[in-house]
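run-v8.txt, holding compact mmCIF, C-alpha atoms:
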# COMPACT_ATOMS: atom_id res chain seq x y z
CA LEU A 1 32.65 60.85 32.28
CA LEU A 2 35.48 62.99 33.65
CA GLY A 3 38.43 60.86 34.70
CA PRO A 4 38.08 57.97 37.16
CA ILE A 5 34.75 57.37 38.88
CA SER A 6 36.44 57.95 42.25
CA SER A 7 39.87 59.56 42.42
CA ILE A 8 40.91 57.96 45.72
CA ASP A 9 43.69 55.35 45.83
CA LYS A 10 43.09 53.64 49.15
CA THR A 11 46.25 51.55 48.76
CA LYS A 12 48.44 54.66 49.19
CA PRO A 13 48.91 55.13 52.96
CA MET A 14 49.51 58.45 54.65
CA PRO A 15 52.82 59.06 56.47
CA ALA A 16 52.82 58.06 60.12
CA ALA A 17 53.35 61.63 61.33
CA THR A 18 50.30 62.87 59.41
CA LYS A 19 48.16 60.06 60.78
CA ALA A 20 49.38 60.78 64.29
CA ALA A 21 48.35 64.45 64.01
CA ILE A 22 44.87 63.42 62.83
CA ASP A 23 44.59 60.85 65.64
CA ALA A 24 45.52 63.46 68.25
CA ALA A 25 42.89 65.90 66.95
CA ALA A 26 40.27 63.14 66.92
CA ALA A 27 41.11 62.18 70.49
CA ASP A 28 40.64 65.81 71.56
CA PHE A 29 37.19 65.81 69.96
CA ILE A 30 36.07 62.57 71.62
CA GLY A 31 37.24 63.88 74.99
CA SER A 32 35.49 67.25 74.77
CA SER A 33 32.57 67.01 72.31
CA LEU A 34 29.85 69.53 73.17
CA ASP A 35 27.20 66.95 72.26
CA GLN A 36 29.13 64.16 74.04
CA ALA A 37 29.31 62.17 70.80
CA PRO A 38 30.46 58.63 71.66
CA GLY A 39 32.19 57.96 68.33
CA LEU A 40 33.91 59.63 65.41
CA TRP A 41 34.59 58.19 61.95
CA LEU A 42 37.07 59.98 59.72
CA ALA A 43 38.57 59.51 56.24
CA VAL A 44 41.13 61.78 54.60
CA TRP A 45 42.64 61.60 51.10
CA ASP A 46 45.35 63.74 49.60
CA PRO A 47 46.88 62.76 46.23
CA LYS A 48 50.35 63.70 47.54
CA LYS A 49 50.07 62.39 51.10
CA GLY A 50 47.87 59.34 50.64
CA TYR A 51 44.74 57.93 52.30
CA TYR A 52 43.76 57.38 55.92
CA GLU A 53 40.54 56.20 57.51
CA GLN A 54 40.01 55.58 61.18
CA ALA A 55 37.31 55.24 63.82
CA TYR A 56 37.50 56.55 67.37
CA GLY A 57 35.50 56.07 70.54
CA SER A 58 32.41 53.88 70.74
CA ALA A 59 29.93 52.59 68.19
CA VAL A 60 27.71 51.55 71.12
CA ILE A 61 27.84 53.23 74.52
CA GLY A 62 29.11 50.64 76.96
CA GLY A 63 29.62 48.19 74.11
CA ALA A 64 31.34 47.89 70.76
CA THR A 65 34.33 50.07 69.94
CA ALA A 66 33.96 52.09 66.75
CA THR A 67 35.49 50.51 63.63
CA VAL A 68 35.78 51.67 60.02
CA ALA A 69 33.34 48.90 59.03
CA ASP A 70 30.47 50.47 61.00
CA HIS A 71 27.32 51.56 59.14
CA PHE A 72 25.53 54.81 60.02
CA TYR A 73 22.86 57.10 58.60
CA ILE A 74 24.20 59.90 56.39
CA GLY A 75 21.20 62.26 56.43
CA SER A 76 21.19 64.93 53.73
CA ILE A 77 24.30 63.64 51.99
CA THR A 78 21.59 61.46 50.40
CA LYS A 79 20.56 64.62 48.52
CA THR A 80 23.87 64.69 46.66
CA ALA A 81 23.18 61.23 45.24
CA MET A 82 19.56 62.12 44.46
CA ALA A 83 20.68 65.30 42.69
CA THR A 84 23.16 63.24 40.66
CA ALA A 85 20.38 60.83 39.70
CA VAL A 86 18.11 63.72 38.63
CA LEU A 87 20.92 65.29 36.57
CA GLN A 88 21.57 61.94 34.89
CA GLN A 89 17.91 61.91 33.89
CA VAL A 90 18.38 65.42 32.50
CA GLN A 91 21.30 64.13 30.44
CA ALA A 92 19.12 61.22 29.26
CA GLY A 93 16.41 63.64 28.12
CA THR A 94 13.77 62.45 30.59
CA LEU A 95 13.28 66.01 31.83
CA LYS A 96 14.88 69.45 31.54
CA LEU A 97 16.12 71.77 34.27
CA THR A 98 13.66 74.39 33.03
CA ASP A 99 10.66 72.04 33.20
CA THR A 100 7.99 72.98 35.74
CA VAL A 101 6.07 70.81 38.18
CA LYS A 102 2.98 71.44 36.04
CA ASN A 103 4.76 70.15 32.91
CA LEU A 104 6.13 67.05 34.58
CA ASP A 105 3.58 66.03 37.21
CA PRO A 106 0.14 67.58 36.49
CA ARG A 107 -1.54 65.66 39.32
CA LEU A 108 0.87 67.02 41.92
CA ALA A 109 0.50 70.53 40.46
CA LYS A 110 -3.27 70.24 40.70
CA LYS A 111 -3.02 69.14 44.33
CA TYR A 112 -0.67 72.01 45.20
CA PRO A 113 -1.35 74.87 42.73
CA SER A 114 1.23 77.12 44.40
CA ILE A 115 4.10 74.92 43.17
CA ARG A 116 2.95 74.45 39.57
CA GLN A 117 5.43 76.95 38.04
CA ILE A 118 8.43 75.85 40.12
CA THR A 119 11.25 74.43 37.98
CA VAL A 120 13.54 71.45 38.41
CA THR A 121 16.45 73.85 38.92
CA GLN A 122 14.59 75.63 41.74
CA LEU A 123 13.83 72.33 43.45
CA LEU A 124 17.44 71.11 43.21
CA SER A 125 18.93 74.45 44.26
CA MET A 126 16.65 75.14 47.25
CA THR A 127 15.23 78.26 45.59
CA SER A 128 11.61 77.13 45.28
CA GLY A 129 10.33 78.91 48.37
CA ILE A 130 8.64 75.67 49.50
CA PRO A 131 8.59 75.18 53.32
CA ASP A 132 10.63 72.40 54.93
CA TYR A 133 8.88 69.46 56.55
CA ALA A 134 11.95 68.34 58.52
CA ASP A 135 11.42 70.10 61.86
CA ALA A 136 7.78 69.03 62.03
CA ALA A 137 8.70 65.45 61.15
CA VAL A 138 11.43 65.33 63.78
CA MET A 139 9.01 66.49 66.47
CA ILE A 140 6.58 63.76 65.43
CA MET A 141 9.41 61.23 65.65
CA ALA A 142 10.42 62.48 69.09
CA LYS A 143 6.90 61.72 70.33
CA ASP A 144 6.49 58.48 68.36
CA PRO A 145 9.84 56.93 67.33
CA GLN A 146 8.12 54.24 65.25
CA HIS A 147 6.05 56.66 63.17
CA ARG A 148 6.10 55.84 59.45
CA PHE A 149 5.63 58.42 56.70
CA THR A 150 4.75 58.08 53.05
CA ARG A 151 6.28 60.46 50.52
CA ASP A 152 2.89 62.10 49.99
CA GLN A 153 2.46 62.63 53.74
CA LEU A 154 5.85 64.29 54.02
CA ILE A 155 5.19 66.61 51.08
CA ALA A 156 1.84 67.54 52.65
CA LEU A 157 3.58 68.14 55.99
CA GLY A 158 6.04 70.47 54.27
CA MET A 159 3.35 72.37 52.42
CA SER A 160 1.55 72.98 55.73
CA SER A 161 4.67 73.82 57.76
CA GLY A 162 4.86 77.49 56.93
CA LYS A 163 4.06 80.19 54.42
CA GLN A 164 5.39 79.46 50.96
CA LYS A 165 7.70 82.14 49.59
CA PRO A 166 7.67 83.19 45.92
CA PRO A 167 9.51 80.86 43.51
CA GLY A 168 13.13 81.95 43.36
CA SER A 169 13.34 82.53 47.11
CA GLY A 170 16.22 80.68 48.78
CA GLY A 171 15.71 78.45 51.78
CA TYR A 172 16.90 74.95 52.65
CA SER A 173 13.98 72.52 52.42
CA THR A 174 14.05 68.75 52.14
CA THR A 175 10.49 68.93 50.76
CA ASN A 176 12.06 69.94 47.42
CA TYR A 177 13.78 66.59 47.05
CA LEU A 178 10.70 64.55 47.87
CA ILE A 179 8.81 66.52 45.23
CA LEU A 180 11.59 65.59 42.80
CA GLY A 181 11.15 61.96 43.85
CA HIS A 182 7.40 62.22 43.27
CA ILE A 183 8.02 63.73 39.81
CA LEU A 184 10.47 61.01 38.76
CA ARG A 185 8.06 58.28 39.89
CA SER A 186 5.53 59.77 37.48
CA LEU A 187 8.03 59.82 34.60
CA ILE A 188 9.99 56.57 34.77
CA PRO A 189 9.31 53.07 36.09
CA ARG A 190 11.99 53.29 38.80
CA SER A 191 11.58 54.44 42.39
CA PRO A 192 13.68 57.30 43.80
CA GLU A 193 15.30 54.71 46.08
CA ALA A 194 16.34 52.64 43.07
CA LEU A 195 17.80 55.72 41.37
CA VAL A 196 19.85 56.68 44.43
CA ASN A 197 21.06 53.11 44.88
CA GLY A 198 21.99 53.03 41.20
CA VAL A 199 24.20 56.09 41.74
CA PHE A 200 25.83 54.40 44.74
CA ARG A 201 26.60 51.35 42.59
CA GLN A 202 28.07 53.49 39.82
CA ALA A 203 30.37 55.12 42.35
CA GLY A 204 31.50 51.73 43.70
CA MET A 205 29.85 52.25 47.10
CA LYS A 206 29.06 48.67 48.10
CA GLN A 207 28.21 49.49 51.72
CA SER A 208 25.66 52.25 51.05
CA ARG A 209 21.93 52.06 50.48
CA LEU A 210 18.68 53.99 50.56
CA PRO A 211 16.13 51.43 51.80
CA LEU A 212 12.52 51.37 50.66
CA THR A 213 11.31 50.81 54.22
CA THR A 214 12.79 50.93 57.70
CA ARG A 215 15.10 48.06 58.51
CA PRO A 216 17.99 47.67 60.97
CA LEU A 217 21.36 49.01 59.91
CA PRO A 218 23.62 46.21 58.65
CA ASP A 219 26.17 44.81 61.09
CA PRO A 220 28.42 46.21 62.30
CA ALA A 221 26.23 49.20 63.08
CA ALA A 222 26.96 52.44 64.89
CA HIS A 223 24.14 53.14 67.33
CA GLY A 224 22.91 56.73 67.20
CA TYR A 225 22.27 58.82 70.31
CA VAL A 226 20.08 61.86 70.97
CA GLY A 227 23.00 63.86 72.37
CA VAL A 228 23.17 66.70 74.88
CA LEU A 229 22.10 69.53 72.58
CA TRP A 230 18.98 67.94 71.11
CA ALA A 231 17.90 66.47 74.46
CA SER A 232 18.03 69.98 75.93
CA GLN A 233 15.82 71.33 73.11
CA LEU A 234 13.02 68.80 73.41
CA GLY A 235 11.36 70.42 76.41
CA ASP A 236 7.87 69.01 76.79
CA THR A 237 7.95 67.05 73.53
CA ASN A 238 9.31 63.90 75.14
CA PRO A 239 10.89 64.38 78.59
CA SER A 240 11.92 60.70 78.66
CA LEU A 241 14.61 61.29 76.03
CA THR A 242 18.09 61.84 77.45
CA PRO A 243 21.47 62.50 75.81
CA THR A 244 22.21 58.77 75.83
CA SER A 245 18.83 57.62 74.45
CA ASP A 246 19.63 55.09 71.71
CA VAL A 247 17.72 55.85 68.49
CA SER A 248 19.07 52.96 66.40
CA THR A 249 15.74 51.12 66.60
CA TRP A 250 13.68 54.16 65.53
CA ALA A 251 11.93 54.24 62.18
CA PHE A 252 13.98 56.19 59.62
CA GLU A 253 11.45 56.62 56.82
CA TRP A 254 11.14 60.39 57.24
CA GLY A 255 14.27 61.20 55.21
CA LYS A 256 13.77 59.14 52.03
CA GLU A 257 15.68 60.56 49.02
CA GLY A 258 16.19 63.74 51.02
CA GLY A 259 18.06 62.11 53.90
CA GLY A 260 17.36 58.42 54.52
CA ALA A 261 20.45 56.57 53.25
CA TRP A 262 23.14 54.77 55.24
CA SER A 263 26.82 54.24 54.49
CA THR A 264 30.29 53.65 55.97
CA ILE A 265 33.21 56.04 56.32
CA GLY A 266 35.08 54.30 53.50
CA ASP A 267 32.11 54.64 51.17
CA LEU A 268 31.69 58.30 52.11
CA ALA A 269 35.31 58.84 51.14
CA THR A 270 34.68 57.05 47.84
CA TRP A 271 31.75 59.41 47.25
CA GLY A 272 34.00 62.35 48.03
CA GLY A 273 36.36 61.00 45.39
CA THR A 274 33.60 61.45 42.81
CA CYS A 275 33.29 65.05 44.10
CA LEU A 276 29.78 64.20 45.29
CA GLY A 277 28.75 62.69 41.98
CA ASN A 278 30.40 65.11 39.55
CA SER A 279 32.52 62.39 37.94
CA LEU A 280 29.26 60.62 37.02
CA LEU A 281 28.07 63.64 35.02
CA PRO A 282 29.14 65.31 31.75
CA ARG A 283 30.99 68.62 31.93
CA PRO A 284 28.11 70.91 30.78
CA ILE A 285 25.81 69.55 33.47
CA ILE A 286 28.54 69.92 36.11
CA ALA A 287 28.79 73.59 35.13
CA GLU A 288 25.04 73.98 35.68
CA ARG A 289 25.31 72.12 38.98
CA LEU A 290 27.95 74.48 40.31
CA ARG A 291 25.97 77.69 39.71
CA THR A 292 25.32 78.61 43.33
CA THR A 293 22.80 80.81 45.12
CA LYS A 294 23.35 82.17 48.61
CA ILE A 295 20.74 80.61 50.92
CA ASP A 296 20.59 79.91 54.65
CA ALA A 297 22.75 76.79 54.16
CA GLY A 298 25.49 78.64 52.28
CA LEU A 299 26.35 78.87 48.58
CA TYR A 300 24.03 76.15 47.28
CA GLY A 301 24.21 74.62 43.81
CA LEU A 302 22.23 71.65 42.54
CA GLY A 303 22.55 69.35 45.53
CA ILE A 304 26.03 70.59 46.45
CA ILE A 305 27.50 73.42 48.56
CA ARG A 306 30.53 75.54 47.71
CA GLN A 307 32.78 76.34 50.68
CA GLY A 308 35.73 78.30 49.33
CA ASP A 309 37.80 75.90 47.24
CA TRP A 310 35.79 72.95 48.54
CA LEU A 311 32.54 71.34 47.38
CA ALA A 312 30.66 69.71 50.21
CA HIS A 313 27.42 68.63 51.83
CA GLY A 314 26.53 67.76 55.40
CA GLY A 315 23.92 65.37 56.68
CA GLN A 316 21.93 65.08 59.89
CA ALA A 317 19.61 62.35 61.06
CA ILE A 318 18.35 61.87 64.59
CA GLY A 319 21.37 60.34 66.31
CA TYR A 320 23.90 60.92 63.52
CA GLU A 321 25.71 63.75 61.77
CA THR A 322 28.00 63.53 58.75
CA ASN A 323 29.93 65.60 56.23
CA VAL A 324 31.84 64.95 53.02
CA ALA A 325 33.96 67.47 51.10
CA CYS A 326 36.16 67.43 48.02
CA ASN A 327 38.64 69.98 46.72
CA PRO A 328 38.58 69.99 42.89
CA LYS A 329 41.83 71.99 42.77
CA THR A 330 43.93 69.59 44.86
CA GLY A 331 41.90 66.38 44.66
CA ALA A 332 41.69 66.18 48.46
CA VAL A 333 38.73 64.60 50.28
CA VAL A 334 37.61 64.73 53.91
CA ALA A 335 34.68 62.70 55.29
CA THR A 336 33.43 62.62 58.87
CA ALA A 337 30.63 61.02 60.86
CA VAL A 338 29.56 61.07 64.51
CA ASN A 339 26.84 59.14 66.32
CA SER A 340 25.02 61.97 68.09
CA THR A 341 22.46 64.37 66.64
CA TYR A 342 24.53 67.57 66.85
CA GLY A 343 28.00 66.10 67.18
CA LYS A 344 29.17 67.95 64.08
CA VAL A 345 28.85 71.27 65.93
CA ASP A 346 32.48 71.18 67.07
CA VAL A 347 34.09 68.38 65.09
CA ASP A 348 35.48 70.68 62.37
CA SER A 349 37.10 72.97 64.92
CA ALA A 350 38.62 69.93 66.62
CA ILE A 351 39.98 68.04 63.61
CA GLY A 352 39.86 70.71 60.89
CA LYS A 353 43.48 71.85 60.96
CA ALA A 354 44.83 68.31 60.95
CA ALA A 355 42.39 66.87 58.42
CA TYR A 356 41.80 69.70 55.96
What is this file in structure tokens?
Amino acid sequence: LLGPISSIDKTKPMPAATKAAIDAAAADFIGSSLDQAPGLWLAVWDPKKGYYEQAYGSAVIGGATATVADHFYIGSITKTAMATAVLQQVQAGTLKLTDTVKNLDPRLAKKYPSIRQITVTQLLSMTSGIPDYADAAVMIMAKDPQHRFTRDQLIALGMSSGKQKPPGSGGYSTTNYLILGHILRSLIPRSPEALVNGVFRQAGMKQSRLPLTTRPLPDPAAHGYVGVLWASQLGDTNPSLTPTSDVSTWAFEWGKEGGGAWSTIGDLATWGGTCLGNSLLPRPIIAERLRTTKIDAGLYGLGIIRQGDWLAHGGQAIGYETNVACNPKTGAVVATAVNSTYGKVDVDSAIGKAAY
């Protein structure tokens, strides 16, 4: 392993002036969020300036104030842990990045012949050409918030959600990660959920989990809200949903290893301190992970996005939006979360200068 599991020293506080600048930027966001996000959770680490985590606004509209202990869904940041788990299995010799679906999971390849030659690298890097199930699943959830999905149902939904492009074509698709979960279930006697949770434990993230089935978020919990932007997009799908519709009691089984985990802001910062799992991997595999391809989501590697000097990944679940970023050159980390579906739209512009 490269250096400490997580590089953050949470006992080293930031100077008061730096914290005050971050607080002022956060207050501006809460007061003017386009999506009217009730709460903001923020953690910042700089090896020279120290560590700061804080919560702003409300965890529950008309109720609990946001605190750093609050749990929330992290959406596609789950992919970074799943990618780490897959790459650990590559290191262990369970599979190779060049292996195809046909090699690893003949039954799945027989069911979907168009994916049989797709490689592990193409699945991890979003270059498989496989359609995304996410939009279709979200519309189903909007109509029936208690709808439950199996992994097989979600893969089938993805495969029927659009025309598959040739292998090698870039395009963000959570279906890729559920196919990886299906493959690993056929190779080893551990579920994808267990693998992701194992990565969380290795990183020291004691307040993070990918559940096997829907269950309430642990207390204290940040309630998630539809938000202004998503409510305006629903149209005839479910006119009863408003910006302040509370989604915290909805079923959250549609994300799985592609987006179904929950965490806290402190744990997200800890994950950032591993550079999204890189400190859990050997150097040659990190090099493979950081070979990026330009897709619709940016410069995408193997479950990680390059943004200039930063390595990052965002996450969106109905009612929540998150982001975590690390800077390998400076060691800095920034993690954010909001409890509305599109709250991240303007959070970076509001707190970016102060935090980054």
The residues within 9 Å of (35.0, 74.3, 49.1), using all atoms listed in the file and the coordinates of the file, should be reported as an mmCIF file with C-alpha atoms, in the frame of the given file; which are they?
data_model
loop_
_atom_site.group_PDB
_atom_site.id
_atom_site.type_symbol
_atom_site.label_atom_id
_atom_site.label_comp_id
_atom_site.auth_asym_id
_atom_site.auth_seq_id
_atom_site.Cartn_x
_atom_site.Cartn_y
_atom_site.Cartn_z
ATOM 1 C CA ILE A 305 27.500 73.420 48.560
ATOM 2 C CA ARG A 306 30.530 75.540 47.710
ATOM 3 C CA GLN A 307 32.780 76.340 50.680
ATOM 4 C CA GLY A 308 35.730 78.300 49.330
ATOM 5 C CA ASP A 309 37.800 75.900 47.240
ATOM 6 C CA TRP A 310 35.790 72.950 48.540
ATOM 7 C CA LEU A 311 32.540 71.340 47.380
ATOM 8 C CA ALA A 312 30.660 69.710 50.210
ATOM 9 C CA ALA A 325 33.960 67.470 51.100
ATOM 10 C CA CYS A 326 36.160 67.430 48.020
ATOM 11 C CA ASN A 327 38.640 69.980 46.720
ATOM 12 C CA PRO A 328 38.580 69.990 42.890
#
Dump as JSON lines the rows for residues of segment 277-323 of chain A within 7 Å of segment 163-179 of chain A: closest atom pair and distance in Å with one decimal, only C-alpha atoms counted, ordered by chain and rising residue number.
{"residue": "A:Ile295", "atom": "CA", "partner": "A:Gly170", "partner_atom": "CA", "distance": 5.0}
{"residue": "A:Asp296", "atom": "CA", "partner": "A:Gly171", "partner_atom": "CA", "distance": 5.8}
{"residue": "A:Ala297", "atom": "CA", "partner": "A:Tyr172", "partner_atom": "CA", "distance": 6.3}
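With distances taken over all atoms listed in the file, A:Val324 is the one residue among A:Val324, A:Gly62, A:Gln36, A:Val228 lying closest to Thr274 of chain A.
As for atom CA of Ser160 of chain A and atom CA of Ala142 of chain A, they are spaced 19.2 Å apart.
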Rounded to one decimal, what separation in Å do you get between atom CA of Val338 of chain A and atom CA of Tyr133 of chain A?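 Calculated distance between atom CA of Val338 of chain A and atom CA of Tyr133 of chain A is 23.7 Å.
Using all atoms listed in the file for every distance, the candidate list A:Met14, A:Trp250, A:Ala222, A:Ile351 yields A:Ala222 as the residue closest to Thr67 of chain A.
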Atom-to-atom span, atom CA of Gln89 of chain A and atom CA of Asp267 of chain A, Å: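 Computing the Euclidean distance for atom CA of Gln89 of chain A and atom CA of Asp267 of chain A yields 23.5 Å.
Ranking A:Gly260, A:Pro106, A:Gly181, A:Gly235 by their shortest atom-to-atom distance to Thr214 of chain A, with all atoms listed in the file included, puts A:Gly260 first.
Take the candidates A:Ala17, A:Ala43, A:Ala221, A:Ala81 and check each one against Tyr356 of chain A using all atoms listed in the file; the shortest distance goes to A:Ala43.
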Do a neighbour search on Thr237 of chain A at 9 Å with all atoms listed in the file, toss out local chain neighbours closer than 4 positions, and write the hits as a ChimeraX atom specification. /A:139-140,142-143,233
Can I get segment 144-164 of chain A with N, CA, C and O atoms filled in, as an mmCIF file, keeping the file's coordinate frame?
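Output below, filename out28.cif:
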data_model
loop_
_atom_site.group_PDB
_atom_site.id
_atom_site.type_symbol
_atom_site.label_atom_id
_atom_site.label_comp_id
_atom_site.auth_asym_id
_atom_site.auth_seq_id
_atom_site.Cartn_x
_atom_site.Cartn_y
_atom_site.Cartn_z
ATOM 1 N N ASP A 144 6.824 59.839 68.789
ATOM 2 C CA ASP A 144 6.490 58.480 68.360
ATOM 3 C C ASP A 144 7.615 57.949 67.481
ATOM 4 O O ASP A 144 7.572 58.072 66.255
ATOM 5 N N PRO A 145 8.664 57.364 68.083
ATOM 6 C CA PRO A 145 9.840 56.930 67.330
ATOM 7 C C PRO A 145 9.576 55.892 66.242
ATOM 8 O O PRO A 145 10.416 55.710 65.360
ATOM 9 N N GLN A 146 8.430 55.243 66.271
ATOM 10 C CA GLN A 146 8.120 54.240 65.250
ATOM 11 C C GLN A 146 7.161 54.770 64.177
ATOM 12 O O GLN A 146 6.629 54.011 63.374
ATOM 13 N N HIS A 147 6.952 56.072 64.161
ATOM 14 C CA HIS A 147 6.050 56.660 63.170
ATOM 15 C C HIS A 147 6.594 56.448 61.761
ATOM 16 O O HIS A 147 7.778 56.649 61.505
ATOM 17 N N ARG A 148 5.716 56.046 60.854
ATOM 18 C CA ARG A 148 6.100 55.840 59.450
ATOM 19 C C ARG A 148 5.421 56.907 58.591
ATOM 20 O O ARG A 148 4.264 57.256 58.815
ATOM 21 N N PHE A 149 6.141 57.406 57.608
ATOM 22 C CA PHE A 149 5.630 58.420 56.700
ATOM 23 C C PHE A 149 5.663 57.902 55.261
ATOM 24 O O PHE A 149 6.630 57.245 54.853
ATOM 25 N N THR A 150 4.659 58.256 54.486
ATOM 26 C CA THR A 150 4.750 58.080 53.050
ATOM 27 C C THR A 150 5.328 59.362 52.443
ATOM 28 O O THR A 150 5.361 60.414 53.083
ATOM 29 N N ARG A 151 5.761 59.269 51.208
ATOM 30 C CA ARG A 151 6.280 60.460 50.520
ATOM 31 C C ARG A 151 5.194 61.538 50.432
ATOM 32 O O ARG A 151 5.446 62.716 50.665
ATOM 33 N N ASP A 152 3.981 61.137 50.097
ATOM 34 C CA ASP A 152 2.890 62.100 49.990
ATOM 35 C C ASP A 152 2.618 62.788 51.326
ATOM 36 O O ASP A 152 2.334 63.992 51.373
ATOM 37 N N GLN A 153 2.692 62.040 52.420
ATOM 38 C CA GLN A 153 2.460 62.630 53.740
ATOM 39 C C GLN A 153 3.525 63.656 54.089
ATOM 40 O O GLN A 153 3.242 64.704 54.672
ATOM 41 N N LEU A 154 4.768 63.367 53.714
ATOM 42 C CA LEU A 154 5.850 64.290 54.020
ATOM 43 C C LEU A 154 5.755 65.563 53.177
ATOM 44 O O LEU A 154 6.008 66.673 53.669
ATOM 45 N N ILE A 155 5.381 65.416 51.910
ATOM 46 C CA ILE A 155 5.190 66.610 51.080
ATOM 47 C C ILE A 155 4.062 67.462 51.655
ATOM 48 O O ILE A 155 4.181 68.691 51.772
ATOM 49 N N ALA A 156 2.964 66.805 52.056
ATOM 50 C CA ALA A 156 1.840 67.540 52.650
ATOM 51 C C ALA A 156 2.261 68.231 53.943
ATOM 52 O O ALA A 156 1.851 69.369 54.213
ATOM 53 N N LEU A 157 3.091 67.557 54.739
ATOM 54 C CA LEU A 157 3.580 68.140 55.990
ATOM 55 C C LEU A 157 4.410 69.394 55.689
ATOM 56 O O LEU A 157 4.279 70.424 56.367
ATOM 57 N N GLY A 158 5.250 69.309 54.665
ATOM 58 C CA GLY A 158 6.040 70.470 54.270
ATOM 59 C C GLY A 158 5.175 71.620 53.802
ATOM 60 O O GLY A 158 5.376 72.779 54.204
ATOM 61 N N MET A 159 4.203 71.318 52.970
ATOM 62 C CA MET A 159 3.350 72.370 52.420
ATOM 63 C C MET A 159 2.512 73.058 53.496
ATOM 64 O O MET A 159 2.068 74.184 53.306
ATOM 65 N N SER A 160 2.340 72.389 54.635
ATOM 66 C CA SER A 160 1.550 72.980 55.730
ATOM 67 C C SER A 160 2.425 73.499 56.863
ATOM 68 O O SER A 160 1.914 73.927 57.888
ATOM 69 N N SER A 161 3.758 73.477 56.656
ATOM 70 C CA SER A 161 4.670 73.820 57.760
ATOM 71 C C SER A 161 5.052 75.294 57.822
ATOM 72 O O SER A 161 5.830 75.691 58.672
ATOM 73 N N GLY A 162 4.537 76.079 56.909
ATOM 74 C CA GLY A 162 4.860 77.490 56.930
ATOM 75 C C GLY A 162 4.364 78.156 55.664
ATOM 76 O O GLY A 162 3.877 77.487 54.748
ATOM 77 N N LYS A 163 4.516 79.463 55.588
ATOM 78 C CA LYS A 163 4.060 80.190 54.420
ATOM 79 C C LYS A 163 5.049 80.008 53.273
ATOM 80 O O LYS A 163 6.243 80.190 53.435
ATOM 81 N N GLN A 164 4.524 79.623 52.121
ATOM 82 C CA GLN A 164 5.390 79.460 50.960
ATOM 83 C C GLN A 164 5.847 80.809 50.436
ATOM 84 O O GLN A 164 5.047 81.739 50.275
#
